[in-house]
Amino acid sequence: MKRGESYVCRECGYRTAKWLGKCPYCGTFNSIEIDEEKTHSNKKKYPAVEFLSLNQVELSHKERLKTGINEFDSVLGGGIVPGSAILISGEPGIGKSTLLLQVANSVSKEGNVIYITGEESFEQVALRAKRLGIASDRLFVVAEPNVLRVLDNLDKENPVLLIADSVQTLYSDELDSPPGSLVQVREVASRLVRFSKETGIPVIMIGHITKEGSIAGPKLLEHLVDTVIYFEGDQQNFFRILRTTKNRFGATDEIGVFEMSSSGLMPVLNPSAAFLANALLDNSVVYPALEGTRVILTEIQSIVSPTFYANPRRTSSGVDPIRLSIIVAVLETRAGISFSGCDIFLTTSSGLKVKETAVDLPLAISLYLSLSGKKSGVLAAFGELGLDGSVRQIFQPEMRIKEVERFGIKKIIIPDYDRINHKVSEDVELIRVKSLAEALEAVR
Ligand SMILES: Nc1ncnc2c1ncn2[C@@H]1O[C@H](COP(=O)(O)OP(=O)(O)OP(=O)(O)O)[C@@H](O)[C@H]1O
Ligand SMILES: [Mg+2]
């Protein structure tokens, strides 16, 4: 160890003065790297800074930049805020470059857009543009991985938007580490963020994802930017979902739904219809999921079948497996329904990932119907289950009921609310339940 050297964990950002084989904070092996920035920085005297009271700050009245792709704008909270830095991340091949090329094209109506590509050549980008039917004189592609060189040459282009594809493939020549290393990723991202803050030109950067599904590089990357958006959906699936996980200028968990086609990503205007694309069967259980500010209907499908294994399988897609285990335990202990000796497979239609506990009740009902083989007709349900078998209220019941009703579903099982402002039409059966037992009684 040399004096003044500083080391940092690539995975969790833990700092240490000496090199270690295993990070004591996150437990990862071989993740500690030398932090060149810290190590080589010298003490210097800084010029004076300006201290302003908030009342003195002059607000620029620049409006948000509308991308013209409504699903994208709404995920951002109404367009791109001037000077903001946005990170978009997602699995390989999910369509990040496609989406941003479409955004670039659309925004180029407002002014010049610069698209820096570190992983593809001019020709590859041009080929994609051709397939997407994009031809704009104000959309410029730079196939130069040295981010400093690009930023240094942007003055005369005067862009309204800068896109960097991707932070892991771009680098700064001021550091010796290879592109994609911790320090480079951080440096590239912070250069881009600084550029956006200084010039007011918004920057969108693409970030790769690790095997575990988090953004590759330090967690710091997510702190650095204003908005973090994940692009989800599996590759066999045609649907792609944009989901905000951090937004300094809008609500999080707002989602945008797209469909991948040969001519690019098409916004899906009626997501509920898309997720419920298949005809609903006699024992379909529909769950109105609250995604950001809107409700999306998805079907909870399950199979309960005799197992051939000593340990029955519990497999779920779109629903947290821990939640599934909890609901099975509640069904077994509070409703006396045994799943021992049964495999359970659970999925949401079109692979929508549901995160709220409001999915508990439809999940329990679906499992019960699968096990018992009963048909209850198409129904919708929402509500959280307590471990004692109680059904608890959740947010926004009216919005959910409205969307279910709009879809022509006639039977809705909900927690027992004192008051619900929305009045359902006469042919809709709104069943209020206090407990799991009451809910199962209602579908028998
Ligand atoms: N001709 C086509 N028709 C339909 N879909 C296509 C066509 N060509 C490409 N795609 C879709 O585009 C996806 C690739 O998109 P894109 O290159 O934008 O992804 P990406 O997220 O940028 O990937 P990477 O992480 O490799 O950079 C493919 O997985 C495929 O689904
Ligand atoms: Mg790409």
# chains A, B, ... in the order shown; residues from 1 in each chain; ligands from 1
>>> closest_atom_pairs(of="range 225-269 of chain A", to="range 79-97 of chain A", cutoff="7 Å", atoms="only C-alpha atoms", output="Markdown table")
| residue | atom | partner | partner_atom | distance |
| --- | --- | --- | --- | --- |
| A:Val225 | CA | A:Ala85 | CA | 5.1 |
| A:Asp226 | CA | A:Ala85 | CA | 5.4 |
| A:Thr227 | CA | A:Ile86 | CA | 4.7 |
| A:Val228 | CA | A:Leu87 | CA | 4.9 |
| A:Ile229 | CA | A:Ile88 | CA | 4.8 |
| A:Tyr230 | CA | A:Ser89 | CA | 4.9 |
| A:Phe231 | CA | A:Gly90 | CA | 4.8 |
| A:Glu232 | CA | A:Gly90 | CA | 6.2 |
| A:Gln235 | CA | A:Ile94 | CA | 6.4 |
>>> residues_around(residues="Ala437 in chain A", least_positions_apart="4", cutoff="10 Å", atoms="only C-alpha atoms", output="list of chain:residue names")
A:Leu331, A:Arg334, A:Ala335, A:Gly336, A:Gly389, A:Ser390, A:Val391, A:Val433, A:Glu441, A:Ala442
>>> write_last_selection(atoms="C-alpha atoms", output="PDB file, in the first residue's frame")
ATOM      1  CA  LEU A 331     -54.363 -20.373   3.117  1.00  0.00           C
ATOM      2  CA  ARG A 334     -56.387 -19.819   8.257  1.00  0.00           C
ATOM      3  CA  ALA A 335     -58.549 -21.536   5.664  1.00  0.00           C
ATOM      4  CA  GLY A 336     -57.479 -25.116   6.277  1.00  0.00           C
ATOM      5  CA  GLY A 389     -56.387 -14.231   7.561  1.00  0.00           C
ATOM      6  CA  SER A 390     -57.884 -10.745   7.651  1.00  0.00           C
ATOM      7  CA  VAL A 391     -58.376  -8.819   4.422  1.00  0.00           C
ATOM      8  CA  VAL A 433     -64.995  -9.186   2.618  1.00  0.00           C
ATOM      9  CA  GLU A 441     -67.061 -18.361   0.506  1.00  0.00           C
ATOM     10  CA  ALA A 442     -67.885 -15.787  -2.161  1.00  0.00           C
TER      11      ALA A 442
END
>>> select_by_dssp(residues="range 208-361 of chain A", states="strand (DSSP E)", output="PyMOL selection string")
chain A and resi 227-232+239-247+255-261+264-267+285-291+294-306+314-317+342-348
>>> residues_around(residues="range 189-194 of chain A", least_positions_apart="3", cutoff="10 Å", atoms="only C-alpha atoms", output="JSON, numbers by chain")
{"A": [83, 84, 85, 86, 87, 147, 148, 151, 162, 163, 164, 166, 167, 168, 170, 171, 172, 183, 184, 185, 186, 197, 198, 199, 200, 201, 202, 203, 204, 205, 207, 220, 221, 222, 224, 225, 226]}
>>> atom_distance(atom1="CA of Cys342 in chain A", atom2="CA of Pro321 in chain A")
15.8 Å
>>> select_by_dssp(residues="range 38-84 of chain A", states="alpha helix (DSSP H)", output="ChimeraX atom specification")
/A:38-40,70-75
>>> residues_around(residues="Met399 in chain A", least_positions_apart="4", cutoff="8 Å", atoms="only C-alpha atoms", output="PyMOL selection string")
chain A and resi 294-295+403
>>> write_last_selection(atoms="all heavy atoms", output="short mmCIF file (atom, residue, chain, number, x, y, z; two decimals), in the first residue's frame")
data_model
loop_
_atom_site.label_atom_id
_atom_site.label_comp_id
_atom_site.auth_asym_id
_atom_site.auth_seq_id
_atom_site.Cartn_x
_atom_site.Cartn_y
_atom_site.Cartn_z
N ARG A 294 -51.85 5.06 -12.67
CA ARG A 294 -52.96 4.40 -13.35
C ARG A 294 -53.08 2.94 -13.01
O ARG A 294 -52.18 2.32 -12.48
CB ARG A 294 -52.83 4.59 -14.85
CG ARG A 294 -51.63 3.91 -15.42
CD ARG A 294 -51.64 4.18 -16.89
NE ARG A 294 -50.41 3.69 -17.46
CZ ARG A 294 -50.09 3.90 -18.72
NH1 ARG A 294 -50.88 4.58 -19.50
NH2 ARG A 294 -48.98 3.41 -19.19
N VAL A 295 -54.25 2.41 -13.33
CA VAL A 295 -54.54 1.03 -12.99
C VAL A 295 -54.39 0.18 -14.24
O VAL A 295 -54.87 0.55 -15.31
CB VAL A 295 -55.98 0.92 -12.45
CG1 VAL A 295 -56.35 -0.53 -12.21
CG2 VAL A 295 -56.12 1.72 -11.17
N GLU A 403 -61.74 0.75 -13.30
CA GLU A 403 -61.06 0.11 -14.43
C GLU A 403 -61.62 -1.31 -14.66
O GLU A 403 -61.82 -1.73 -15.78
CB GLU A 403 -59.55 0.07 -14.17
CG GLU A 403 -58.72 -0.55 -15.28
CD GLU A 403 -58.59 0.33 -16.53
OE1 GLU A 403 -59.11 1.46 -16.53
OE2 GLU A 403 -57.99 -0.16 -17.51
#
>>> residues_around(residues="range 129-139 of chain A", least_positions_apart="5", cutoff="10 Å", atoms="only C-alpha atoms", output="compact mmCIF listing (two decimals) with N, CA, C and O atoms, in the first residue's frame")
# COMPACT_ATOMS: atom_id res chain seq x y z
N THR A 98 -33.13 1.23 -29.36
CA THR A 98 -34.26 1.49 -30.24
C THR A 98 -35.11 2.63 -29.70
O THR A 98 -35.43 3.58 -30.41
N LEU A 101 -33.30 5.97 -29.91
CA LEU A 101 -33.18 6.47 -31.27
C LEU A 101 -34.53 7.09 -31.69
O LEU A 101 -34.57 8.13 -32.34
N GLN A 102 -35.61 6.46 -31.27
CA GLN A 102 -36.93 7.01 -31.56
C GLN A 102 -37.14 8.34 -30.83
O GLN A 102 -37.68 9.28 -31.39
N ALA A 104 -34.76 10.34 -29.87
CA ALA A 104 -33.86 11.31 -30.52
C ALA A 104 -34.50 11.87 -31.78
O ALA A 104 -34.49 13.08 -32.01
N ASN A 105 -35.09 10.99 -32.55
CA ASN A 105 -35.73 11.42 -33.79
C ASN A 105 -36.87 12.39 -33.51
O ASN A 105 -37.00 13.44 -34.13
N SER A 106 -37.67 12.02 -32.52
CA SER A 106 -38.83 12.83 -32.20
C SER A 106 -38.41 14.21 -31.67
O SER A 106 -38.98 15.23 -32.05
N VAL A 107 -37.40 14.22 -30.80
CA VAL A 107 -36.94 15.48 -30.22
C VAL A 107 -36.24 16.36 -31.26
O VAL A 107 -36.21 17.59 -31.14
N SER A 108 -35.69 15.73 -32.31
CA SER A 108 -34.94 16.52 -33.29
C SER A 108 -35.83 17.53 -34.03
O SER A 108 -35.33 18.40 -34.73
N LYS A 109 -37.15 17.42 -33.83
CA LYS A 109 -38.04 18.45 -34.37
C LYS A 109 -37.80 19.78 -33.66
O LYS A 109 -38.05 20.84 -34.19
N GLU A 110 -37.31 19.68 -32.39
CA GLU A 110 -37.09 20.89 -31.58
C GLU A 110 -35.70 21.50 -31.79
O GLU A 110 -35.47 22.64 -31.45
N GLY A 111 -34.77 20.68 -32.27
CA GLY A 111 -33.40 21.16 -32.44
C GLY A 111 -32.46 19.99 -32.64
O GLY A 111 -32.90 18.85 -32.76
N ASN A 112 -31.16 20.29 -32.64
CA ASN A 112 -30.18 19.22 -32.86
C ASN A 112 -30.14 18.23 -31.70
O ASN A 112 -30.19 18.62 -30.54
N VAL A 113 -30.03 16.97 -32.05
CA VAL A 113 -29.88 15.94 -31.04
C VAL A 113 -28.60 15.16 -31.36
O VAL A 113 -28.36 14.82 -32.51
N ILE A 114 -27.78 14.95 -30.33
CA ILE A 114 -26.53 14.22 -30.53
C ILE A 114 -26.66 12.84 -29.89
O ILE A 114 -27.03 12.74 -28.71
N TYR A 115 -26.35 11.82 -30.65
CA TYR A 115 -26.43 10.45 -30.15
C TYR A 115 -25.01 9.88 -30.16
O TYR A 115 -24.45 9.61 -31.21
N GLU A 123 -22.70 2.66 -39.01
CA GLU A 123 -23.51 1.90 -39.94
C GLU A 123 -24.60 1.12 -39.23
O GLU A 123 -25.74 1.06 -39.68
N GLN A 124 -24.23 0.55 -38.07
CA GLN A 124 -25.23 -0.22 -37.33
C GLN A 124 -26.37 0.69 -36.86
O GLN A 124 -27.53 0.30 -36.93
N GLU A 157 -22.55 22.66 -32.18
CA GLU A 157 -23.73 21.85 -32.54
C GLU A 157 -24.97 22.37 -31.82
O GLU A 157 -26.08 22.19 -32.29
N PRO A 159 -26.84 21.41 -29.18
CA PRO A 159 -27.91 20.42 -29.14
C PRO A 159 -28.99 20.74 -28.10
O PRO A 159 -28.73 21.49 -27.15
N LEU A 161 -30.59 18.01 -26.89
CA LEU A 161 -30.57 16.75 -26.14
C LEU A 161 -29.33 15.96 -26.51
O LEU A 161 -28.92 15.93 -27.67
N SER A 261 -42.02 -3.92 -32.34
CA SER A 261 -42.37 -4.38 -33.68
C SER A 261 -41.19 -4.13 -34.59
O SER A 261 -40.21 -3.51 -34.19
N SER A 262 -41.28 -4.59 -35.83
CA SER A 262 -40.13 -4.42 -36.72
C SER A 262 -39.88 -2.95 -37.01
O SER A 262 -38.78 -2.54 -37.33
N SER A 263 -40.93 -2.12 -36.88
CA SER A 263 -40.69 -0.69 -37.11
C SER A 263 -40.48 0.06 -35.79
O SER A 263 -40.67 1.27 -35.72
N GLY A 264 -40.11 -0.66 -34.74
CA GLY A 264 -39.74 0.00 -33.50
C GLY A 264 -40.75 -0.21 -32.38
O GLY A 264 -41.64 -1.06 -32.48
N LEU A 265 -40.58 0.57 -31.32
CA LEU A 265 -41.46 0.44 -30.16
C LEU A 265 -42.70 1.28 -30.36
O LEU A 265 -42.61 2.48 -30.61
>>> residues_around(residues="Glu120 in chain A", least_positions_apart="5", cutoff="10 Å", atoms="only C-alpha atoms", output="count of residues only")
8
>>> closest_residue(among="A:Phe382, A:Gly233, A:Leu387, A:Leu99", to="ligand 2", atoms="only C-alpha atoms and all ligand atoms")
A:Leu99
>>> residues_around(residues="range 352-365 of chain A", least_positions_apart="4", cutoff="8 Å", atoms="only C-alpha atoms", output="ChimeraX atom specification")
/A:233,275,285-287,289-290,298,300,317-320,323-324,327-328,331,348,369,380-385,391,394,436,439-440,443
>>> closest_residue(among="A:Ile206, A:Ile69, A:Leu182, A:Val141", to="ligand 1", atoms="only C-alpha atoms and all ligand atoms")
A:Ile206
>>> closest_residue(among="A:Glu11, A:Glu332, A:Glu58, A:Asp73", to="Gly256 in chain A", atoms="only C-alpha atoms")
A:Asp73
>>> closest_residue(among="A:Lys434, A:His208, A:Lys18, A:His223", to="ligand 2", atoms="only C-alpha atoms and all ligand atoms")
A:His208
